[in-house]
>>> print(open('coords_9.cif').read())   # mmCIF, C-alpha atoms and all ligand atoms
data_final
#
loop_
_atom_site.group_PDB
_atom_site.id
_atom_site.type_symbol
_atom_site.label_atom_id
_atom_site.label_comp_id
_atom_site.auth_asym_id
_atom_site.auth_seq_id
_atom_site.Cartn_x
_atom_site.Cartn_y
_atom_site.Cartn_z
ATOM 1 C CA MET M 1 2.167 -99.785 -10.273
ATOM 2 C CA LEU M 2 4.014 -96.591 -11.171
ATOM 3 C CA LYS M 3 4.187 -94.221 -8.180
ATOM 4 C CA LEU M 4 5.537 -90.695 -8.606
ATOM 5 C CA PHE M 5 5.703 -87.859 -6.062
ATOM 6 C CA GLN M 6 7.853 -85.177 -7.695
ATOM 7 C CA VAL M 7 7.533 -85.633 -11.450
ATOM 8 C CA LYS M 8 4.338 -83.879 -12.572
ATOM 9 C CA ALA M 9 4.212 -83.812 -16.350
ATOM 10 C CA VAL M 10 5.680 -85.303 -19.511
ATOM 11 C CA ILE M 11 6.120 -83.539 -22.845
ATOM 12 C CA LEU M 12 6.234 -85.879 -25.807
ATOM 13 C CA ASP M 13 7.419 -85.130 -29.308
ATOM 14 C CA TRP M 14 5.084 -86.457 -32.024
ATOM 15 C CA ALA M 15 6.807 -88.205 -34.989
ATOM 16 C CA GLY M 16 9.231 -90.962 -33.971
ATOM 17 C CA THR M 17 8.342 -90.586 -30.276
ATOM 18 C CA ALA M 18 4.547 -90.949 -29.845
ATOM 19 C CA VAL M 19 3.444 -91.778 -33.410
ATOM 20 C CA ASP M 20 5.052 -92.838 -36.711
ATOM 21 C CA HIS M 21 7.691 -95.456 -35.774
ATOM 22 C CA GLY M 22 10.990 -94.433 -37.400
ATOM 23 C CA SER M 23 9.677 -90.952 -38.252
ATOM 24 C CA LEU M 24 9.172 -92.313 -41.774
ATOM 25 C CA ALA M 25 6.205 -90.215 -42.883
ATOM 26 C CA PRO M 26 7.929 -86.796 -42.974
ATOM 27 C CA VAL M 27 10.932 -88.390 -44.731
ATOM 28 C CA ALA M 28 8.636 -89.816 -47.436
ATOM 29 C CA ALA M 29 6.782 -86.516 -47.860
ATOM 30 C CA LEU M 30 10.028 -84.474 -47.998
ATOM 31 C CA LYS M 31 11.580 -86.833 -50.563
ATOM 32 C CA ARG M 32 8.459 -86.534 -52.727
ATOM 33 C CA VAL M 33 8.234 -82.732 -52.675
ATOM 34 C CA PHE M 34 11.926 -82.329 -53.499
ATOM 35 C CA ALA M 35 11.703 -84.963 -56.279
ATOM 36 C CA GLU M 36 8.724 -83.112 -57.762
ATOM 37 C CA ASN M 37 10.951 -80.038 -57.833
ATOM 38 C CA GLY M 38 13.562 -81.905 -59.863
ATOM 39 C CA VAL M 39 16.010 -82.717 -57.041
ATOM 40 C CA GLU M 40 16.190 -86.155 -55.446
ATOM 41 C CA ILE M 41 17.237 -86.106 -51.790
ATOM 42 C CA SER M 42 18.388 -89.098 -49.751
ATOM 43 C CA ALA M 43 16.670 -90.321 -46.587
ATOM 44 C CA ALA M 44 19.798 -89.275 -44.646
ATOM 45 C CA GLU M 45 19.485 -85.727 -46.014
ATOM 46 C CA ALA M 46 15.786 -85.664 -45.129
ATOM 47 C CA ARG M 47 16.615 -86.768 -41.565
ATOM 48 C CA ARG M 48 19.638 -84.630 -40.737
ATOM 49 C CA ASP M 49 17.697 -81.612 -39.370
ATOM 50 C CA MET M 50 14.488 -83.436 -38.399
ATOM 51 C CA GLY M 51 12.651 -81.860 -35.481
ATOM 52 C CA LEU M 52 12.972 -78.273 -36.685
ATOM 53 C CA LEU M 53 9.856 -76.386 -37.783
ATOM 54 C CA LYS M 54 9.061 -77.892 -41.180
ATOM 55 C CA LYS M 55 9.739 -74.704 -43.135
ATOM 56 C CA ASP M 56 13.109 -74.226 -41.359
ATOM 57 C CA HIS M 57 13.811 -77.898 -42.052
ATOM 58 C CA ILE M 58 13.090 -77.488 -45.790
ATOM 59 C CA ARG M 59 15.321 -74.379 -45.881
ATOM 60 C CA ALA M 60 18.124 -76.341 -44.169
ATOM 61 C CA ILE M 61 17.885 -79.200 -46.703
ATOM 62 C CA ALA M 62 17.886 -76.780 -49.658
ATOM 63 C CA GLY M 63 21.059 -75.258 -48.207
ATOM 64 C CA TYR M 64 23.087 -78.486 -48.011
ATOM 65 C CA ASP M 65 26.006 -78.206 -50.484
ATOM 66 C CA ARG M 66 24.999 -81.299 -52.452
ATOM 67 C CA VAL M 67 21.308 -80.346 -52.663
ATOM 68 C CA ALA M 68 22.016 -76.689 -53.531
ATOM 69 C CA GLY M 69 24.513 -77.865 -56.176
ATOM 70 C CA GLU M 70 22.022 -80.269 -57.714
ATOM 71 C CA TRP M 71 19.329 -77.579 -57.587
ATOM 72 C CA SER M 72 21.630 -75.163 -59.473
ATOM 73 C CA ARG M 73 22.391 -77.833 -62.084
ATOM 74 C CA VAL M 74 18.649 -78.511 -62.653
ATOM 75 C CA HIS M 75 17.233 -74.978 -62.316
ATOM 76 C CA GLY M 76 20.194 -72.864 -63.428
ATOM 77 C CA ARG M 77 20.342 -70.996 -60.096
ATOM 78 C CA ALA M 78 20.704 -71.671 -56.378
ATOM 79 C CA PRO M 79 17.512 -72.355 -54.358
ATOM 80 C CA GLU M 80 15.889 -69.161 -53.046
ATOM 81 C CA GLU M 81 13.419 -68.322 -50.276
ATOM 82 C CA SER M 82 10.559 -68.391 -52.818
ATOM 83 C CA ASP M 83 11.485 -72.042 -53.555
ATOM 84 C CA VAL M 84 11.420 -72.829 -49.823
ATOM 85 C CA ASP M 85 7.948 -71.201 -49.635
ATOM 86 C CA ARG M 86 6.654 -73.247 -52.548
ATOM 87 C CA ILE M 87 8.091 -76.592 -51.378
ATOM 88 C CA PHE M 88 6.667 -75.936 -47.926
ATOM 89 C CA ARG M 89 3.190 -75.243 -49.420
ATOM 90 C CA GLU M 90 3.433 -78.500 -51.377
ATOM 91 C CA PHE M 91 4.350 -80.451 -48.242
ATOM 92 C CA LEU M 92 0.883 -80.217 -46.640
ATOM 93 C CA PRO M 93 -1.061 -82.098 -49.356
ATOM 94 C CA LYS M 94 1.745 -84.700 -49.458
ATOM 95 C CA GLN M 95 1.251 -85.267 -45.765
ATOM 96 C CA ALA M 96 -2.515 -85.578 -46.235
ATOM 97 C CA GLU M 97 -1.897 -88.385 -48.772
ATOM 98 C CA ILE M 98 -0.040 -90.509 -46.230
ATOM 99 C CA LEU M 99 -1.892 -89.398 -43.151
ATOM 100 C CA GLU M 100 -2.342 -92.791 -41.602
ATOM 101 C CA GLU M 101 1.428 -93.335 -41.438
ATOM 102 C CA PHE M 102 1.820 -89.921 -39.787
ATOM 103 C CA SER M 103 -0.851 -90.655 -37.170
ATOM 104 C CA ARG M 104 -0.418 -94.249 -36.022
ATOM 105 C CA PRO M 105 0.667 -94.432 -32.347
ATOM 106 C CA ILE M 106 3.899 -96.322 -31.711
ATOM 107 C CA GLU M 107 3.299 -99.666 -30.043
ATOM 108 C CA GLY M 108 2.782 -99.333 -26.289
ATOM 109 C CA ILE M 109 2.247 -95.554 -26.251
ATOM 110 C CA PRO M 110 -1.516 -95.522 -25.510
ATOM 111 C CA GLU M 111 -0.938 -97.968 -22.613
ATOM 112 C CA ALA M 112 2.049 -95.985 -21.321
ATOM 113 C CA VAL M 113 0.057 -92.743 -21.362
ATOM 114 C CA ALA M 114 -2.743 -94.471 -19.418
ATOM 115 C CA ARG M 115 -0.203 -95.618 -16.781
ATOM 116 C CA TRP M 116 1.303 -92.127 -16.548
ATOM 117 C CA ARG M 117 -2.110 -90.528 -16.125
ATOM 118 C CA ALA M 118 -2.957 -93.046 -13.408
ATOM 119 C CA ALA M 119 0.274 -91.933 -11.676
ATOM 120 C CA GLY M 120 -0.962 -88.313 -11.807
ATOM 121 C CA LEU M 121 1.102 -87.024 -14.735
ATOM 122 C CA ARG M 122 -0.236 -84.516 -17.253
ATOM 123 C CA ILE M 123 0.713 -85.146 -20.882
ATOM 124 C CA GLY M 124 1.886 -82.287 -23.117
ATOM 125 C CA SER M 125 3.364 -82.349 -26.625
ATOM 126 C CA THR M 126 5.549 -80.324 -29.004
ATOM 127 C CA THR M 127 6.491 -80.803 -32.660
ATOM 128 C CA GLY M 128 8.232 -79.477 -35.760
ATOM 129 C CA TYR M 129 4.914 -79.627 -37.611
ATOM 130 C CA THR M 130 2.905 -76.479 -38.243
ATOM 131 C CA ARG M 131 -0.564 -76.185 -36.705
ATOM 132 C CA ALA M 132 -2.155 -77.101 -40.068
ATOM 133 C CA LEU M 133 -0.034 -80.264 -40.311
ATOM 134 C CA LEU M 134 -0.644 -81.281 -36.707
ATOM 135 C CA GLN M 135 -4.403 -80.712 -37.066
ATOM 136 C CA LEU M 136 -4.353 -83.530 -39.643
ATOM 137 C CA VAL M 137 -2.504 -85.872 -37.296
ATOM 138 C CA ILE M 138 -4.358 -85.270 -33.995
ATOM 139 C CA PRO M 139 -7.763 -86.843 -34.872
ATOM 140 C CA GLY M 140 -6.188 -89.951 -36.451
ATOM 141 C CA ALA M 141 -3.923 -90.515 -33.445
ATOM 142 C CA ALA M 142 -6.881 -89.970 -31.079
ATOM 143 C CA ARG M 143 -8.950 -92.583 -32.923
ATOM 144 C CA LEU M 144 -6.072 -95.034 -32.494
ATOM 145 C CA GLY M 145 -5.737 -94.335 -28.759
ATOM 146 C CA TYR M 146 -3.247 -91.475 -28.343
ATOM 147 C CA SER M 147 -4.484 -88.074 -27.247
ATOM 148 C CA PRO M 148 -2.218 -85.770 -25.186
ATOM 149 C CA ASP M 149 -3.723 -83.134 -22.861
ATOM 150 C CA ALA M 150 -1.982 -80.288 -24.713
ATOM 151 C CA SER M 151 -0.451 -79.959 -28.189
ATOM 152 C CA VAL M 152 1.706 -76.959 -29.062
ATOM 153 C CA THR M 153 3.232 -76.141 -32.468
ATOM 154 C CA PRO M 154 5.978 -73.578 -33.215
ATOM 155 C CA GLU M 155 3.338 -71.126 -34.522
ATOM 156 C CA ASP M 156 1.430 -71.318 -31.232
ATOM 157 C CA ALA M 157 4.538 -70.358 -29.267
ATOM 158 C CA GLY M 158 6.348 -67.921 -31.577
ATOM 159 C CA ALA M 159 9.319 -70.200 -32.322
ATOM 160 C CA GLY M 160 10.255 -73.822 -32.905
ATOM 161 C CA ARG M 161 13.146 -75.857 -31.477
ATOM 162 C CA PRO M 162 15.647 -75.376 -30.057
ATOM 163 C CA ALA M 163 13.742 -72.506 -28.351
ATOM 164 C CA PRO M 164 11.932 -73.620 -25.165
ATOM 165 C CA PHE M 165 8.726 -71.650 -25.824
ATOM 166 C CA MET M 166 6.587 -74.630 -26.916
ATOM 167 C CA CYS M 167 7.431 -76.245 -23.562
ATOM 168 C CA TYR M 168 6.501 -73.046 -21.692
ATOM 169 C CA ARG M 169 3.187 -72.880 -23.564
ATOM 170 C CA ASN M 170 2.474 -76.501 -22.590
ATOM 171 C CA ALA M 171 3.098 -75.599 -18.940
ATOM 172 C CA ILE M 172 0.566 -72.761 -19.185
ATOM 173 C CA GLU M 173 -2.029 -74.974 -20.900
ATOM 174 C CA LEU M 174 -1.489 -77.854 -18.462
ATOM 175 C CA GLY M 175 -1.451 -75.493 -15.466
ATOM 176 C CA VAL M 176 1.435 -77.408 -13.933
ATOM 177 C CA TYR M 177 4.759 -76.113 -12.570
ATOM 178 C CA PRO M 178 7.705 -75.948 -11.856
ATOM 179 C CA LEU M 179 9.478 -76.813 -15.103
ATOM 180 C CA TRP M 180 12.003 -79.016 -13.280
ATOM 181 C CA ALA M 181 9.094 -81.361 -12.492
ATOM 182 C CA TYR M 182 8.725 -82.013 -16.257
ATOM 183 C CA VAL M 183 10.339 -84.675 -18.438
ATOM 184 C CA LYS M 184 10.743 -83.852 -22.151
ATOM 185 C CA ILE M 185 10.944 -86.929 -24.392
ATOM 186 C CA GLY M 186 12.019 -86.769 -28.039
ATOM 187 C CA ASP M 187 13.922 -88.579 -30.785
ATOM 188 C CA THR M 188 16.154 -85.833 -32.249
ATOM 189 C CA PRO M 189 19.008 -83.606 -31.009
ATOM 190 C CA SER M 190 16.699 -80.577 -31.459
ATOM 191 C CA ASP M 191 14.178 -82.204 -29.069
ATOM 192 C CA ILE M 192 16.878 -82.547 -26.422
ATOM 193 C CA ALA M 193 18.054 -78.950 -26.918
ATOM 194 C CA GLU M 194 14.444 -77.764 -26.513
ATOM 195 C CA GLY M 195 13.965 -79.663 -23.243
ATOM 196 C CA ARG M 196 17.301 -78.514 -21.809
ATOM 197 C CA ASN M 197 16.600 -74.895 -22.766
ATOM 198 C CA ALA M 198 13.264 -75.205 -20.933
ATOM 199 C CA GLY M 199 14.995 -76.443 -17.745
ATOM 200 C CA MET M 200 13.390 -79.898 -17.981
ATOM 201 C CA TRP M 201 14.793 -83.414 -17.636
ATOM 202 C CA THR M 202 15.334 -84.968 -21.081
ATOM 203 C CA ILE M 203 15.054 -88.493 -22.468
ATOM 204 C CA GLY M 204 16.339 -89.320 -25.969
ATOM 205 C CA ILE M 205 14.534 -92.075 -27.891
ATOM 206 C CA THR M 206 16.527 -94.487 -30.072
ATOM 207 C CA ARG M 207 14.710 -97.580 -31.448
ATOM 208 C CA THR M 208 11.430 -95.962 -32.585
ATOM 209 C CA GLY M 209 12.924 -92.629 -33.627
ATOM 210 C CA ASN M 210 14.472 -90.603 -36.424
ATOM 211 C CA GLU M 211 18.085 -91.420 -35.554
ATOM 212 C CA VAL M 212 17.543 -95.155 -36.213
ATOM 213 C CA GLY M 213 14.962 -94.254 -38.864
ATOM 214 C CA LEU M 214 13.363 -97.660 -39.467
ATOM 215 C CA SER M 215 9.834 -99.071 -39.332
ATOM 216 C CA ARG M 216 9.194 -101.657 -36.651
ATOM 217 C CA GLU M 217 9.348 -104.440 -39.255
ATOM 218 C CA GLU M 218 12.601 -103.130 -40.756
ATOM 219 C CA PHE M 219 14.166 -102.888 -37.301
ATOM 220 C CA GLU M 220 13.088 -106.391 -36.316
ATOM 221 C CA ASN M 221 14.540 -107.799 -39.543
ATOM 222 C CA LEU M 222 18.024 -106.514 -38.689
ATOM 223 C CA THR M 223 20.597 -108.869 -37.193
ATOM 224 C CA PRO M 224 21.054 -108.436 -33.414
ATOM 225 C CA GLU M 225 24.473 -106.841 -34.130
ATOM 226 C CA ALA M 226 22.984 -104.330 -36.604
ATOM 227 C CA ARG M 227 20.205 -103.443 -34.127
ATOM 228 C CA GLU M 228 22.697 -102.897 -31.349
ATOM 229 C CA SER M 229 24.911 -100.759 -33.558
ATOM 230 C CA ALA M 230 21.990 -98.609 -34.847
ATOM 231 C CA GLU M 231 20.727 -98.001 -31.302
ATOM 232 C CA ARG M 232 24.228 -97.234 -30.027
ATOM 233 C CA LYS M 233 24.846 -94.623 -32.758
ATOM 234 C CA ALA M 234 21.468 -92.997 -32.071
ATOM 235 C CA ALA M 235 22.216 -92.941 -28.345
ATOM 236 C CA GLU M 236 25.602 -91.273 -28.981
ATOM 237 C CA ARG M 237 23.988 -88.489 -31.047
ATOM 238 C CA LEU M 238 21.305 -87.873 -28.419
ATOM 239 C CA ARG M 239 23.787 -88.032 -25.517
ATOM 240 C CA SER M 240 26.080 -85.530 -27.187
ATOM 241 C CA ALA M 241 23.035 -83.253 -27.555
ATOM 242 C CA GLY M 242 22.837 -83.436 -23.747
ATOM 243 C CA ALA M 243 20.112 -86.038 -23.083
ATOM 244 C CA ASP M 244 19.900 -86.954 -19.374
ATOM 245 C CA TYR M 245 18.651 -90.449 -20.228
ATOM 246 C CA ILE M 246 18.268 -92.721 -23.253
ATOM 247 C CA ALA M 247 15.381 -95.162 -23.854
ATOM 248 C CA ALA M 248 14.582 -97.425 -26.788
ATOM 249 C CA SER M 249 10.945 -96.256 -26.826
ATOM 250 C CA ALA M 250 8.932 -93.637 -24.946
ATOM 251 C CA ALA M 251 6.741 -96.538 -23.813
ATOM 252 C CA GLU M 252 9.715 -97.843 -21.776
ATOM 253 C CA CYS M 253 10.408 -94.733 -19.684
ATOM 254 C CA ASP M 254 8.659 -95.690 -16.396
ATOM 255 C CA PRO M 255 11.875 -96.757 -14.587
ATOM 256 C CA ILE M 256 13.529 -93.501 -15.685
ATOM 257 C CA PHE M 257 10.615 -91.464 -14.274
ATOM 258 C CA GLU M 258 11.068 -93.296 -10.965
ATOM 259 C CA GLU M 259 14.782 -92.527 -10.956
ATOM 260 C CA ILE M 260 14.157 -88.829 -11.740
ATOM 261 C CA ASP M 261 11.530 -88.796 -8.973
ATOM 262 C CA GLY M 262 14.156 -90.009 -6.492
ATOM 263 C CA ARG M 263 16.735 -87.470 -7.679
ATOM 264 C CA LEU M 264 14.204 -84.625 -7.299
ATOM 265 C CA ALA M 265 13.264 -85.862 -3.826
ATOM 266 C CA SER M 266 16.925 -85.636 -2.820
ATOM 267 C CA GLY M 267 17.095 -82.044 -4.048
ATOM 268 C CA GLU M 268 18.643 -82.576 -7.464
ATOM 269 C CA ARG M 269 17.469 -80.500 -10.432
ATOM 270 C CA PRO M 270 18.009 -80.957 -14.197
ATOM 271 C CA ALA M 271 21.404 -79.620 -15.380
HETATM 272 MG MG MG M 301 10.336 -86.603 -33.736
#
>>> encode(input="coords_9.cif", output="C-alpha cells")
Amino acid sequence: MLKLFQVKAVILDWAGTAVDHGSLAPVAALKRVFAENGVEISAAEARRDMGLLKKDHIRAIAGYDRVAGEWSRVHGRAPEESDVDRIFREFLPKQAEILEEFSRPIEGIPEAVARWRAAGLRIGSTTGYTRALLQLVIPGAARLGYSPDASVTPEDAGAGRPAPFMCYRNAIELGVYPLWAYVKIGDTPSDIAEGRNAGMWTIGITRTGNEVGLSREEFENLTPEARESAERKAAERLRSAGADYIAASAAECDPIFEEIDGRLASGERPA
C-alpha cells in the first residue's frame, strides 16, 4: 500500500496524461480546422506547441514558416489575428464531434487516483483547453471513472502555461500547501515549465503522451526497438525541459512519489 508523509497533492494535465492516450483528439481537431481553412497541417506541426492555451497554440501553428507560407499561397496574404480568432471558434464544435476520444481516461488512471486518494493526496488538474472545452470533457471523463478534485483552465487563472498561475489556483481550491509538497505531472515541455515555475516537483510522461503521440494500439504494434526509441526521444525532450522524473504513464508514478517523499523528509526541495 502506498504510504506518503510529505507529498500532499498531485496536479495532473488532462490530454495525454489523464485522458486521451497519445493526445490524439486535439491533433485530429486541429488538423480538421486548418484543413477546412484551406491549409493542411501535419500531426508533427499540430503537436509541436501542444500544452499551450488552445488559442495561443493555434496562433503558434499559423506562425510556423511552412504553414504561414502555405496560407499566403492559398489566401493571398499571411494569416492574421482575425484568422486565429475564427479557427479558434471553429475548434470547439470540432472537439464536440469527437468528444469521447477527448474524454476517455488512460488505462490505469482511475485506479491510480483511487490509490493516491487512499494515501491522502488531493488531486488537482491544469490544461491548455479553455473552460468551454474542458466543460465538455469533464462529465465524460467522470462517467468513465476519472474526476479530479479541482480543474483549472488558463481563463480561470489569468494565463496558461508556462505561467504557474493554474497551479496556484489549484492550491487555493484544494486548500493544501506548501507548493513543494505538490507533484505536477504532464506530457509536454510546457507542462514541465509550468510545474517548475510553480515550485513543484515535476514528472514528464512518455508512453501515453503527446511526445510519443500514439494510441495504445498503435504503440503496442510497434517493434520493441521502435517503442524504446520513441520513449527515449520523448524522455529527452521532457528532461531538457527540466523534468525531475520521467514515467511511461501517470498511472505508474507511485514509486516516484515514494522517492520524492523520502527526499522531502531529508530536507530536499524541488530545484
Ligand atoms: Mg497534455
>>> residues_near_ligand(input="coords_9.cif", ligand="ligand MG 301 (chain M)", cutoff="10 Å", atoms="only C-alpha atoms and all ligand atoms", output="short mmCIF file (atom, residue, chain, number, x, y, z; two decimals) with C-alpha atoms, keeping the file's coordinate frame")
data_model
loop_
_atom_site.label_atom_id
_atom_site.label_comp_id
_atom_site.auth_asym_id
_atom_site.auth_seq_id
_atom_site.Cartn_x
_atom_site.Cartn_y
_atom_site.Cartn_z
CA LEU M 12 6.23 -85.88 -25.81
CA ASP M 13 7.42 -85.13 -29.31
CA TRP M 14 5.08 -86.46 -32.02
CA ALA M 15 6.81 -88.20 -34.99
CA GLY M 16 9.23 -90.96 -33.97
CA THR M 17 8.34 -90.59 -30.28
CA ALA M 18 4.55 -90.95 -29.84
CA VAL M 19 3.44 -91.78 -33.41
CA ASP M 20 5.05 -92.84 -36.71
CA HIS M 21 7.69 -95.46 -35.77
CA GLY M 22 10.99 -94.43 -37.40
CA SER M 23 9.68 -90.95 -38.25
CA LEU M 24 9.17 -92.31 -41.77
CA PRO M 26 7.93 -86.80 -42.97
CA MET M 50 14.49 -83.44 -38.40
CA GLY M 51 12.65 -81.86 -35.48
CA LEU M 52 12.97 -78.27 -36.68
CA THR M 126 5.55 -80.32 -29.00
CA THR M 127 6.49 -80.80 -32.66
CA GLY M 128 8.23 -79.48 -35.76
CA TYR M 129 4.91 -79.63 -37.61
CA ILE M 185 10.94 -86.93 -24.39
CA GLY M 186 12.02 -86.77 -28.04
CA ASP M 187 13.92 -88.58 -30.78
CA THR M 188 16.15 -85.83 -32.25
CA PRO M 189 19.01 -83.61 -31.01
CA SER M 190 16.70 -80.58 -31.46
CA ASP M 191 14.18 -82.20 -29.07
CA ILE M 205 14.53 -92.08 -27.89
CA THR M 208 11.43 -95.96 -32.58
CA GLY M 209 12.92 -92.63 -33.63
CA ASN M 210 14.47 -90.60 -36.42
CA GLU M 211 18.08 -91.42 -35.55
#
>>> residues_around(input="coords_9.cif", residues="Gly199 (chain M)", least_positions_apart="5", cutoff="7 Å", atoms="only C-alpha atoms", output="PyMOL selection string")
chain M and resi 179-180+270
>>> write_last_selection(input="coords_9.cif", atoms="C-alpha atoms", output="PDB file, in the coordinates of the input")
ATOM      1  CA  LEU M 179       9.478 -76.813 -15.103  1.00  0.00           C
ATOM      2  CA  TRP M 180      12.003 -79.016 -13.280  1.00  0.00           C
ATOM      3  CA  PRO M 270      18.009 -80.957 -14.197  1.00  0.00           C
TER       4      PRO M 270
END
>>> resolve_selection(input="coords_9.cif", expression="the PyMOL selection byres (((chain M and resi 71-76) around 12) and not hetatm)", output="number ranges by chain")
M: 34-41, 61-70, 77-80, 83
>>> resolve_selection(input="coords_9.cif", expression="the PyMOL selection byres (((chain M and resi 239) around 12) and not hetatm)", output="list of chain:residue names")
M:Asp187, M:Thr188, M:Pro189, M:Ser190, M:Asp191, M:Ile192, M:Ala193, M:Thr202, M:Ile203, M:Gly204, M:Ile205, M:Thr206, M:Glu231, M:Arg232, M:Lys233, M:Ala234, M:Ala235, M:Glu236, M:Arg237, M:Leu238, M:Ser240, M:Ala241, M:Gly242, M:Ala243, M:Asp244, M:Tyr245, M:Ile246, M:Ala247
>>> closest_residue(input="coords_9.cif", among="M:Ile106, M:Ser42, M:Ile87, M:Pro164", to="Met200 (chain M)", atoms="all atoms listed in the file")
M:Pro164
>>> closest_residue(input="coords_9.cif", among="M:Val137, M:Ala159, M:Ala28, M:Ile256", to="Lys55 (chain M)", atoms="only C-alpha atoms")
M:Ala159
>>> atom_distance(input="coords_9.cif", atom1="CA of Ile138 (chain M)", atom2="CA of Ile123 (chain M)")
14.1 Å
>>> closest_residue(input="coords_9.cif", among="M:Ser215, M:Ser266, M:Ser229, M:Asn170", to="Ala198 (chain M)", atoms="all atoms listed in the file")
M:Asn170
>>> resolve_selection(input="coords_9.cif", expression="the PyMOL selection byres (((chain M and resi 43) around 9) and not hetatm)", output="JSON, numbers by chain")
{"M": [27, 28, 30, 31, 41, 42, 44, 45, 46, 47, 48, 213]}
>>> write_last_selection(input="coords_9.cif", atoms="C-alpha atoms", output="compact mmCIF listing (two decimals), in the coordinates of the input")
# COMPACT_ATOMS: atom_id res chain seq x y z
CA VAL M 27 10.93 -88.39 -44.73
CA ALA M 28 8.64 -89.82 -47.44
CA LEU M 30 10.03 -84.47 -48.00
CA LYS M 31 11.58 -86.83 -50.56
CA ILE M 41 17.24 -86.11 -51.79
CA SER M 42 18.39 -89.10 -49.75
CA ALA M 44 19.80 -89.28 -44.65
CA GLU M 45 19.48 -85.73 -46.01
CA ALA M 46 15.79 -85.66 -45.13
CA ARG M 47 16.61 -86.77 -41.56
CA ARG M 48 19.64 -84.63 -40.74
CA GLY M 213 14.96 -94.25 -38.86
>>> atom_distance(input="coords_9.cif", atom1="CA of Lys94 (chain M)", atom2="CA of Pro154 (chain M)")
20.1 Å
>>> atom_distance(input="coords_9.cif", atom1="CA of Cys253 (chain M)", atom2="CA of Arg216 (chain M)")
18.4 Å
>>> closest_residue(input="coords_9.cif", among="M:Ala248, M:Leu53, M:Ala171, M:Leu92", to="Glu155 (chain M)", atoms="only C-alpha atoms")
M:Leu53
>>> closest_residue(input="coords_9.cif", among="M:Asp261, M:Glu100, M:Glu81, M:Glu228", to="Tyr182 (chain M)", atoms="all atoms listed in the file")
M:Asp261
>>> residues_around(input="coords_9.cif", residues="Gly120 (chain M)", least_positions_apart="5", cutoff="10 Å", atoms="all atoms listed in the file", output="list in words")
Leu2, Lys3, Leu4, Phe5, Val7, Lys8, Ala9, Ala114 and Arg115 of chain M
>>> closest_residue(input="coords_9.cif", among="M:Asp149, M:Gly175, M:Gly140, M:Gln6", to="Arg263 (chain M)", atoms="only C-alpha atoms")
M:Gln6
>>> decode(input="coords_9.cif", residues="region 148-175 of chain M", atoms="C-alpha atoms", output="PDB file, in the first residue's frame")
ATOM      1  CA  PRO M 148     -10.118  15.279 -10.111  1.00  0.00           C
ATOM      2  CA  ASP M 149     -10.892  17.392  -7.020  1.00  0.00           C
ATOM      3  CA  ALA M 150     -10.077  20.641  -8.850  1.00  0.00           C
ATOM      4  CA  SER M 151      -9.859  21.602 -12.532  1.00  0.00           C
ATOM      5  CA  VAL M 152      -8.327  24.918 -13.565  1.00  0.00           C
ATOM      6  CA  THR M 153      -8.121  26.352 -17.101  1.00  0.00           C
ATOM      7  CA  PRO M 154      -5.966  29.289 -18.283  1.00  0.00           C
ATOM      8  CA  GLU M 155      -9.043  31.575 -18.222  1.00  0.00           C
ATOM      9  CA  ASP M 156      -9.685  30.729 -14.565  1.00  0.00           C
ATOM     10  CA  ALA M 157      -6.157  31.769 -13.609  1.00  0.00           C
ATOM     11  CA  GLY M 158      -5.409  34.683 -15.955  1.00  0.00           C
ATOM     12  CA  ALA M 159      -2.740  32.878 -18.003  1.00  0.00           C
ATOM     13  CA  GLY M 160      -1.837  29.498 -19.448  1.00  0.00           C
ATOM     14  CA  ARG M 161       1.489  27.635 -19.411  1.00  0.00           C
ATOM     15  CA  PRO M 162       4.292  28.206 -18.839  1.00  0.00           C
ATOM     16  CA  ALA M 163       2.915  30.586 -16.153  1.00  0.00           C
ATOM     17  CA  PRO M 164       2.385  28.858 -12.776  1.00  0.00           C
ATOM     18  CA  PHE M 165      -0.968  30.519 -12.005  1.00  0.00           C
ATOM     19  CA  MET M 166      -3.161  27.485 -12.802  1.00  0.00           C
ATOM     20  CA  CYS M 167      -1.115  25.546 -10.229  1.00  0.00           C
ATOM     21  CA  TYR M 168      -1.542  28.340  -7.658  1.00  0.00           C
ATOM     22  CA  ARG M 169      -5.301  28.373  -8.275  1.00  0.00           C
ATOM     23  CA  ASN M 170      -5.408  24.597  -7.728  1.00  0.00           C
ATOM     24  CA  ALA M 171      -3.623  25.071  -4.394  1.00  0.00           C
ATOM     25  CA  ILE M 172      -6.257  27.607  -3.320  1.00  0.00           C
ATOM     26  CA  GLU M 173      -9.140  25.359  -4.419  1.00  0.00           C
ATOM     27  CA  LEU M 174      -7.614  22.261  -2.804  1.00  0.00           C
ATOM     28  CA  GLY M 175      -6.695  24.191   0.355  1.00  0.00           C
TER      29      GLY M 175
END
